[in-house]
file data-v1.txt (compact mmCIF, C-alpha atoms)
# COMPACT_ATOMS: atom_id res chain seq x y z
CA MET A 300 -38.60 1.73 70.18
CA LYS A 301 -35.54 2.31 68.02
CA LYS A 302 -35.94 2.60 64.27
CA THR A 303 -34.42 -0.13 62.12
CA ARG A 304 -31.51 0.83 59.91
CA ALA A 305 -32.51 2.12 56.47
CA ARG A 306 -31.69 -0.29 53.65
CA THR A 307 -32.77 1.13 50.31
CA PHE A 308 -31.52 4.36 48.72
CA GLU A 309 -34.95 5.93 49.14
CA GLU A 310 -35.05 5.01 52.83
CA LYS A 311 -31.51 6.31 53.42
CA ASN A 312 -32.36 9.57 51.67
CA ARG A 313 -35.50 9.96 53.78
CA VAL A 314 -33.57 9.35 57.00
CA PHE A 315 -30.86 11.79 55.85
CA ARG A 316 -33.51 14.50 55.40
CA GLU A 317 -34.99 13.74 58.81
CA ILE A 318 -31.57 14.07 60.43
CA ILE A 319 -30.94 17.39 58.66
CA GLN A 320 -34.32 18.80 59.74
CA LYS A 321 -34.14 17.64 63.35
CA GLY A 322 -30.45 18.52 63.61
CA ARG A 323 -31.20 22.11 62.56
CA GLU A 324 -33.92 22.33 65.21
CA LEU A 325 -31.65 21.07 67.99
CA PHE A 326 -28.69 23.26 66.99
CA LEU A 327 -30.95 26.29 67.26
CA ARG A 328 -32.63 25.07 70.45
CA TYR A 329 -29.50 24.15 72.41
CA GLY A 330 -26.69 25.99 70.63
CA VAL A 331 -23.54 24.42 69.24
CA GLY A 332 -22.01 23.82 72.69
CA ARG A 333 -24.93 21.92 74.24
CA PHE A 334 -26.01 20.06 71.11
CA THR A 335 -25.06 16.35 71.09
CA LEU A 336 -25.48 13.58 68.55
CA ARG A 337 -26.82 11.38 71.35
CA ALA A 338 -29.67 13.81 71.96
CA LEU A 339 -30.34 13.92 68.22
CA ALA A 340 -30.43 10.12 67.99
CA ASN A 341 -32.91 10.01 70.88
CA GLU A 342 -35.12 12.64 69.23
CA LEU A 343 -35.14 10.62 66.02
CA GLY A 344 -35.74 7.31 67.78
CA MET A 345 -32.65 5.72 66.25
CA GLY A 346 -29.51 4.15 67.66
CA GLN A 347 -26.42 6.31 67.98
CA ALA A 348 -24.45 3.80 65.91
CA SER A 349 -26.97 4.17 63.08
CA LEU A 350 -26.65 7.96 63.25
CA TYR A 351 -22.86 7.66 62.93
CA THR A 352 -23.30 5.92 59.57
CA TYR A 353 -24.55 9.29 58.28
CA PHE A 354 -22.44 11.76 60.29
CA GLN A 355 -19.28 11.11 62.27
CA SER A 356 -19.40 14.40 64.18
CA LYS A 357 -21.73 17.27 64.93
CA ARG A 358 -19.37 19.52 62.93
CA GLU A 359 -19.98 17.36 59.86
CA LEU A 360 -23.74 17.57 60.45
CA TRP A 361 -23.49 21.37 60.80
CA PHE A 362 -21.83 21.64 57.39
CA ALA A 363 -24.41 19.30 55.86
CA ILE A 364 -27.24 21.52 57.11
CA VAL A 365 -25.56 24.71 55.87
CA GLU A 366 -24.81 23.10 52.51
CA GLU A 367 -28.45 22.09 52.19
CA ASP A 368 -29.69 25.60 52.99
CA PHE A 369 -27.30 27.32 50.59
CA ARG A 370 -28.13 24.84 47.82
CA LYS A 371 -31.56 26.48 47.50
CA VAL A 372 -29.97 29.89 46.94
CA ASP A 373 -27.30 28.48 44.62
CA GLN A 374 -29.94 26.96 42.36
CA LYS A 375 -31.79 30.27 42.10
CA ILE A 376 -28.57 32.14 41.31
CA GLU A 377 -27.55 29.61 38.65
CA GLU A 378 -30.92 30.09 36.96
CA LEU A 379 -30.60 33.86 37.29
CA VAL A 380 -27.18 33.90 35.61
CA ARG A 381 -28.27 31.45 32.92
CA ASN A 382 -31.24 33.58 31.89
CA HIS A 383 -29.61 37.01 32.28
CA LYS A 384 -29.38 39.36 29.32
CA GLY A 385 -27.61 42.69 29.36
CA LYS A 386 -24.67 44.05 31.34
CA ASN A 387 -22.92 41.45 33.48
CA ILE A 388 -22.28 43.87 36.34
CA LEU A 389 -26.03 44.25 36.86
CA LEU A 390 -26.11 40.64 38.06
CA ILE A 391 -24.40 41.62 41.31
CA GLU A 392 -27.40 43.52 42.61
CA GLN A 393 -29.73 40.74 41.42
CA ILE A 394 -27.66 38.11 43.25
CA ALA A 395 -27.81 40.17 46.44
CA LYS A 396 -31.57 40.52 46.04
CA THR A 397 -31.90 36.76 45.51
CA TYR A 398 -30.10 36.11 48.79
CA PHE A 399 -32.16 38.63 50.71
CA ASP A 400 -35.47 37.42 49.25
CA THR A 401 -34.65 33.79 50.09
CA ILE A 402 -33.72 34.68 53.65
CA LYS A 403 -36.90 36.74 54.09
CA LYS A 404 -39.06 33.83 52.91
CA ASP A 405 -37.32 31.18 55.02
CA TYR A 406 -35.62 33.14 57.80
CA ARG A 407 -35.76 30.44 60.47
CA ASN A 408 -33.84 27.95 58.32
CA PHE A 409 -31.08 30.45 57.63
CA ARG A 410 -30.76 31.33 61.30
CA LEU A 411 -28.40 28.37 61.72
CA VAL A 412 -25.68 29.83 59.54
CA LEU A 413 -26.48 33.40 60.61
CA LYS A 414 -26.42 32.66 64.36
CA THR A 415 -23.85 29.89 64.90
CA THR A 416 -20.27 28.93 64.09
CA PRO A 417 -19.21 25.36 63.21
CA PRO A 418 -18.54 23.04 66.16
CA ARG A 419 -14.88 22.26 66.72
CA SER A 420 -13.45 18.95 65.52
CA ALA A 421 -9.98 17.41 65.24
CA LYS A 422 -10.46 16.60 61.56
CA LYS A 423 -12.58 17.50 58.56
CA GLY A 424 -15.21 15.09 57.30
CA PRO A 425 -16.05 14.50 53.61
CA ILE A 426 -18.90 17.05 53.56
CA GLU A 427 -16.69 19.81 54.97
CA GLU A 428 -13.87 18.84 52.59
CA ARG A 429 -16.07 19.40 49.55
CA TYR A 430 -17.94 22.39 50.97
CA GLU A 431 -17.45 25.67 49.16
CA ILE A 432 -19.24 28.98 48.87
CA LYS A 433 -20.30 28.76 45.24
CA THR A 434 -21.47 32.35 45.11
CA ILE A 435 -17.89 33.63 45.40
CA LYS A 436 -16.92 31.69 42.26
CA VAL A 437 -20.00 32.95 40.46
CA LEU A 438 -19.14 36.53 41.44
CA GLN A 439 -15.58 36.07 40.19
CA GLU A 440 -16.80 34.80 36.81
CA ILE A 441 -19.31 37.65 36.46
CA LEU A 442 -16.75 40.30 37.37
CA LEU A 443 -14.08 38.81 35.11
CA THR A 444 -16.45 38.93 32.15
CA ALA A 445 -17.52 42.47 33.10
CA SER A 446 -13.86 43.52 33.20
CA GLN A 447 -13.05 41.87 29.87
CA GLU A 448 -16.03 43.56 28.26
CA ARG A 449 -15.00 46.91 29.76
CA GLU A 450 -18.07 47.34 31.93
CA ILE A 451 -16.05 48.12 35.08
CA LYS A 452 -12.85 49.94 35.98
CA GLU A 453 -11.64 47.56 38.69
CA ARG A 454 -9.10 44.90 37.67
CA GLU A 455 -8.50 43.11 40.99
CA ILE A 456 -11.35 40.71 40.34
CA ILE A 457 -10.78 38.17 43.12
CA LYS A 458 -10.62 40.87 45.78
CA LEU A 459 -13.69 42.54 44.34
CA ALA A 460 -15.63 39.25 44.32
CA TYR A 461 -14.82 38.68 47.99
CA PHE A 462 -15.70 42.29 48.74
CA PHE A 463 -19.17 41.91 47.20
CA TRP A 464 -19.67 38.57 48.94
CA SER A 465 -18.68 40.17 52.25
CA MET A 466 -21.26 42.88 51.66
CA ILE A 467 -24.03 40.41 50.78
CA PHE A 468 -23.35 37.88 53.53
CA GLY A 469 -22.41 40.54 56.05
CA ILE A 470 -25.73 42.31 55.55
CA ALA A 471 -27.58 39.02 56.02
CA PHE A 472 -25.41 38.13 59.03
CA SER A 473 -26.18 41.45 60.70
CA THR A 474 -29.84 40.36 60.98
CA GLN A 475 -28.90 37.55 63.38
CA THR A 476 -30.68 39.23 66.29
CA ASP A 477 -33.84 37.33 67.19
CA SER A 478 -35.73 40.62 66.99
CA PHE A 479 -35.85 40.34 63.19
CA GLY A 480 -37.63 37.01 63.41
CA MET A 481 -39.85 37.77 66.38
CA ILE A 482 -41.38 41.21 65.89
CA GLU A 483 -42.64 43.09 62.89
CA LYS A 484 -40.72 46.31 63.33
CA ILE A 485 -37.63 47.49 65.21
CA PRO A 486 -37.43 51.15 66.34
CA TYR A 487 -35.01 53.20 64.17
CA PHE A 488 -34.42 50.18 61.96
CA GLY A 489 -37.65 49.13 60.33
CA THR A 490 -38.65 45.71 59.08
CA LEU A 491 -36.32 43.08 57.64
CA GLU A 492 -37.60 43.96 54.17
CA GLU A 493 -36.93 47.67 54.70
CA TYR A 494 -33.39 46.90 55.85
CA PHE A 495 -32.65 44.73 52.82
CA ASP A 496 -34.09 47.40 50.49
CA PHE A 497 -31.81 49.97 52.14
CA ALA A 498 -28.80 47.65 51.69
CA LEU A 499 -29.62 46.99 48.03
CA GLY A 500 -29.69 50.72 47.43
CA LYS A 501 -26.18 51.07 48.85
CA ILE A 502 -24.88 48.11 46.83
CA LYS A 503 -26.32 49.71 43.69
CA ILE A 504 -24.46 52.96 44.46
CA PHE A 505 -21.16 51.08 44.74
CA ILE A 506 -21.80 49.23 41.48
CA GLU A 507 -22.42 52.55 39.74
CA ALA A 508 -19.14 53.84 41.16
CA ILE A 509 -17.02 51.10 39.54
CA LYS A 510 -18.80 51.14 36.17
CA ILE A 511 -17.04 52.73 33.21
CA GLU A 512 -18.86 55.89 32.20
CA ASN A 513 -20.90 56.03 28.99
CA GLN A 514 -21.16 52.25 28.68
call {"tool": "encode", "arguments": {"input": "data-v1.txt", "output": "structure tokens"}}
result
Amino acid sequence: MKKTRARTFEEKNRVFREIIQKGRELFLRYGVGRFTLRALANELGMGQASLYTYFQSKRELWFAIVEEDFRKVDQKIEELVRNHKGKNILLIEQIAKTYFDTIKKDYRNFRLVLKTTPPRSAKKGPIEERYEIKTIKVLQEILLTASQEREIKEREIIKLAYFFWSMIFGIAFSTQTDSFGMIEKIPYFGTLEEYFDFALGKIKIFIEAIKIENQ
């Protein structure tokens, strides 16, 4: 029996969350190529037309899921920056640690963005249009302040922000093998936690390298 269309804001929000949760499951189960909105509608027990009132394409749904997952990290980083005291440049390592800790605690959710690429579509939907990686902007602001306060030598702030983001996300992305989520320890590599600790150590070394001495 098909579900009736949600009417109230609370009902629509509940259905939206159900679509996000089930959509994530099916993307990971079937992959981007085999995933269909029809299969998702059937899993949810709702008409395909009703599903299209929320998402016009599976690409739009993909971005909605990724946006939802990154929102959790963004909120933690905003709080981290808001409460930080001391040298601005030290926030970089803390932001990286926040990402790694969040992924460790909820690895299966983050597998979507770490294992898949967005489905192809002829046009962008409203969620994709507004989507942005907020951490890059945060990194730019932190590094700009650090430069103005003579904490670091580097002056090409935008490039440096993207460089740090590439390090953080690239390290997380490199864990996309199912082995990290399925077994406790990988020969020659260690656990997910050991890998992230190793990466944080290397990030810290680079931060030390761009700091102005005697500051």
call {"tool": "closest_residue", "arguments": {"input": "data-v1.txt", "among": "A:Lys458, A:Lys501, A:Lys403, A:Lys357", "to": "A:Val331", "atoms": "all atoms listed in the file"}}
result
A:Lys357
call {"tool": "closest_residue", "arguments": {"input": "data-v1.txt", "among": "A:Phe399, A:Tyr353, A:Phe468, A:Phe326", "to": "A:Asn312", "atoms": "all atoms listed in the file"}}
result
A:Tyr353
call {"tool": "residues_around", "arguments": {"input": "data-v1.txt", "residues": "A:Leu379", "least_positions_apart": "4", "cutoff": "12 Å", "atoms": "only C-alpha atoms", "output": "list in words"}}
result
Val372, Asp373, Gln374, Lys375, His383, Lys384, Asn387, Leu389, Leu390, Ile391, Glu392, Gln393, Ile394, Ala395, Lys396, Thr397, Tyr398, Val437 and Ile441 of chain A
call {"tool": "closest_residue", "arguments": {"input": "data-v1.txt", "among": "A:Ile509, A:Leu327, A:Leu491, A:Ile364", "to": "A:Ile470", "atoms": "all atoms listed in the file"}}
result
A:Leu491
call {"tool": "closest_residue", "arguments": {"input": "data-v1.txt", "among": "A:Ile319, A:Ile511, A:Leu411, A:Leu325", "to": "A:Leu350", "atoms": "only C-alpha atoms"}}
result
A:Ile319
call {"tool": "closest_residue", "arguments": {"input": "data-v1.txt", "among": "A:Ser465, A:Thr401, A:Thr335, A:Asn341", "to": "A:Arg358", "atoms": "all atoms listed in the file"}}
result
A:Thr335
call {"tool": "closest_residue", "arguments": {"input": "data-v1.txt", "among": "A:Ser420, A:Tyr494, A:Ile456, A:Val412", "to": "A:Thr444", "atoms": "only C-alpha atoms"}}
result
A:Ile456
call {"tool": "atom_distance", "arguments": {"input": "data-v1.txt", "atom1": "atom CA of A:Lys436", "atom2": "atom CA of A:Phe497"}}
result
25.6 Å
call {"tool": "residues_around", "arguments": {"input": "data-v1.txt", "residues": "A:Thr474", "least_positions_apart": "6", "cutoff": "10 Å", "atoms": "only C-alpha atoms", "output": "PDB file with C-alpha atoms, in the frame of the given file"}}
result
ATOM      1  CA  TYR A 406     -35.620  33.140  57.800  1.00  0.00           C
ATOM      2  CA  ARG A 410     -30.760  31.330  61.300  1.00  0.00           C
ATOM      3  CA  LEU A 413     -26.480  33.400  60.610  1.00  0.00           C
ATOM      4  CA  LYS A 414     -26.420  32.660  64.360  1.00  0.00           C
ATOM      5  CA  GLY A 480     -37.630  37.010  63.410  1.00  0.00           C
ATOM      6  CA  LEU A 491     -36.320  43.080  57.640  1.00  0.00           C
ATOM      7  CA  TYR A 494     -33.390  46.900  55.850  1.00  0.00           C
ATOM      8  CA  PHE A 495     -32.650  44.730  52.820  1.00  0.00           C
TER       9      PHE A 495
END
call {"tool": "atom_distance", "arguments": {"input": "data-v1.txt", "atom1": "atom CA of A:Glu367", "atom2": "atom CA of A:Ala340"}}
result
19.9 Å
call {"tool": "atom_distance", "arguments": {"input": "data-v1.txt", "atom1": "atom CA of A:Glu450", "atom2": "atom CA of A:Glu507"}}
result
10.3 Å
call {"tool": "axis_aligned_box", "arguments": {"input": "data-v1.txt", "around": "stretch 322-335 of chain A", "padding_each_side": "4 Å", "output": "AutoDock Vina command-line options"}}
result
--center_x -28.0 --center_y 21.3 --center_z 68.4 --size_x 19.9 --size_y 17.9 --size_z 19.7
call {"tool": "residues_around", "arguments": {"input": "data-v1.txt", "residues": "A:Leu442", "least_positions_apart": "3", "cutoff": "8 Å", "atoms": "only C-alpha atoms", "output": "ChimeraX atom specification"}}
result
/A:387-388,438-439,445-446,456,459-460
call {"tool": "build_atoms", "arguments": {"input": "data-v1.txt", "residues": "stretch 333-359 of chain A", "atoms": "N, CA and C atoms", "output": "compact mmCIF listing (two decimals), keeping the file's coordinate frame"}}
result
# COMPACT_ATOMS: atom_id res chain seq x y z
N ARG A 333 -24.10 22.89 73.51
CA ARG A 333 -24.93 21.92 74.24
C ARG A 333 -25.52 20.84 73.34
N PHE A 334 -25.47 21.05 72.05
CA PHE A 334 -26.01 20.06 71.11
C PHE A 334 -25.15 18.79 71.14
N THR A 335 -25.80 17.62 71.15
CA THR A 335 -25.06 16.35 71.09
C THR A 335 -25.73 15.41 70.08
N LEU A 336 -24.93 14.56 69.48
CA LEU A 336 -25.48 13.58 68.55
C LEU A 336 -26.34 12.55 69.29
N ARG A 337 -26.01 12.31 70.56
CA ARG A 337 -26.82 11.38 71.35
C ARG A 337 -28.24 11.91 71.51
N ALA A 338 -28.35 13.20 71.82
CA ALA A 338 -29.67 13.81 71.96
C ALA A 338 -30.43 13.76 70.63
N LEU A 339 -29.71 13.98 69.54
CA LEU A 339 -30.34 13.92 68.22
C LEU A 339 -30.84 12.52 67.92
N ALA A 340 -30.02 11.51 68.22
CA ALA A 340 -30.43 10.12 67.99
C ALA A 340 -31.68 9.79 68.80
N ASN A 341 -31.73 10.25 70.04
CA ASN A 341 -32.91 10.01 70.88
C ASN A 341 -34.15 10.68 70.31
N GLU A 342 -34.00 11.91 69.83
CA GLU A 342 -35.12 12.64 69.23
C GLU A 342 -35.65 11.91 68.00
N LEU A 343 -34.76 11.30 67.25
CA LEU A 343 -35.14 10.62 66.02
C LEU A 343 -35.59 9.19 66.26
N GLY A 344 -35.37 8.68 67.48
CA GLY A 344 -35.74 7.31 67.78
C GLY A 344 -34.86 6.30 67.07
N MET A 345 -33.57 6.64 66.92
CA MET A 345 -32.65 5.72 66.25
C MET A 345 -31.41 5.51 67.12
N GLY A 346 -30.71 4.43 66.90
CA GLY A 346 -29.51 4.15 67.66
C GLY A 346 -28.39 5.11 67.29
N GLN A 347 -27.51 5.39 68.24
CA GLN A 347 -26.42 6.31 67.98
C GLN A 347 -25.48 5.75 66.91
N ALA A 348 -25.31 4.44 66.91
CA ALA A 348 -24.45 3.80 65.91
C ALA A 348 -25.02 4.01 64.50
N SER A 349 -26.34 3.95 64.38
CA SER A 349 -26.97 4.17 63.08
C SER A 349 -26.77 5.61 62.62
N LEU A 350 -26.86 6.55 63.58
CA LEU A 350 -26.65 7.96 63.25
C LEU A 350 -25.24 8.20 62.74
N TYR A 351 -24.26 7.49 63.33
CA TYR A 351 -22.86 7.66 62.93
C TYR A 351 -22.59 7.15 61.52
N THR A 352 -23.49 6.35 60.96
CA THR A 352 -23.30 5.92 59.57
C THR A 352 -23.57 7.07 58.60
N TYR A 353 -24.26 8.11 59.10
CA TYR A 353 -24.55 9.29 58.28
C TYR A 353 -23.58 10.43 58.59
N PHE A 354 -23.31 10.66 59.87
CA PHE A 354 -22.44 11.76 60.29
C PHE A 354 -21.55 11.31 61.43
N GLN A 355 -20.24 11.53 61.26
CA GLN A 355 -19.28 11.11 62.27
C GLN A 355 -19.12 12.13 63.40
N SER A 356 -19.55 13.36 63.16
CA SER A 356 -19.40 14.40 64.18
C SER A 356 -20.49 15.44 64.01
N LYS A 357 -20.73 16.21 65.05
CA LYS A 357 -21.73 17.27 64.93
C LYS A 357 -21.23 18.39 64.04
N ARG A 358 -19.91 18.54 63.87
CA ARG A 358 -19.37 19.52 62.93
C ARG A 358 -19.75 19.14 61.51
N GLU A 359 -19.63 17.84 61.19
CA GLU A 359 -19.98 17.36 59.86
C GLU A 359 -21.47 17.58 59.59
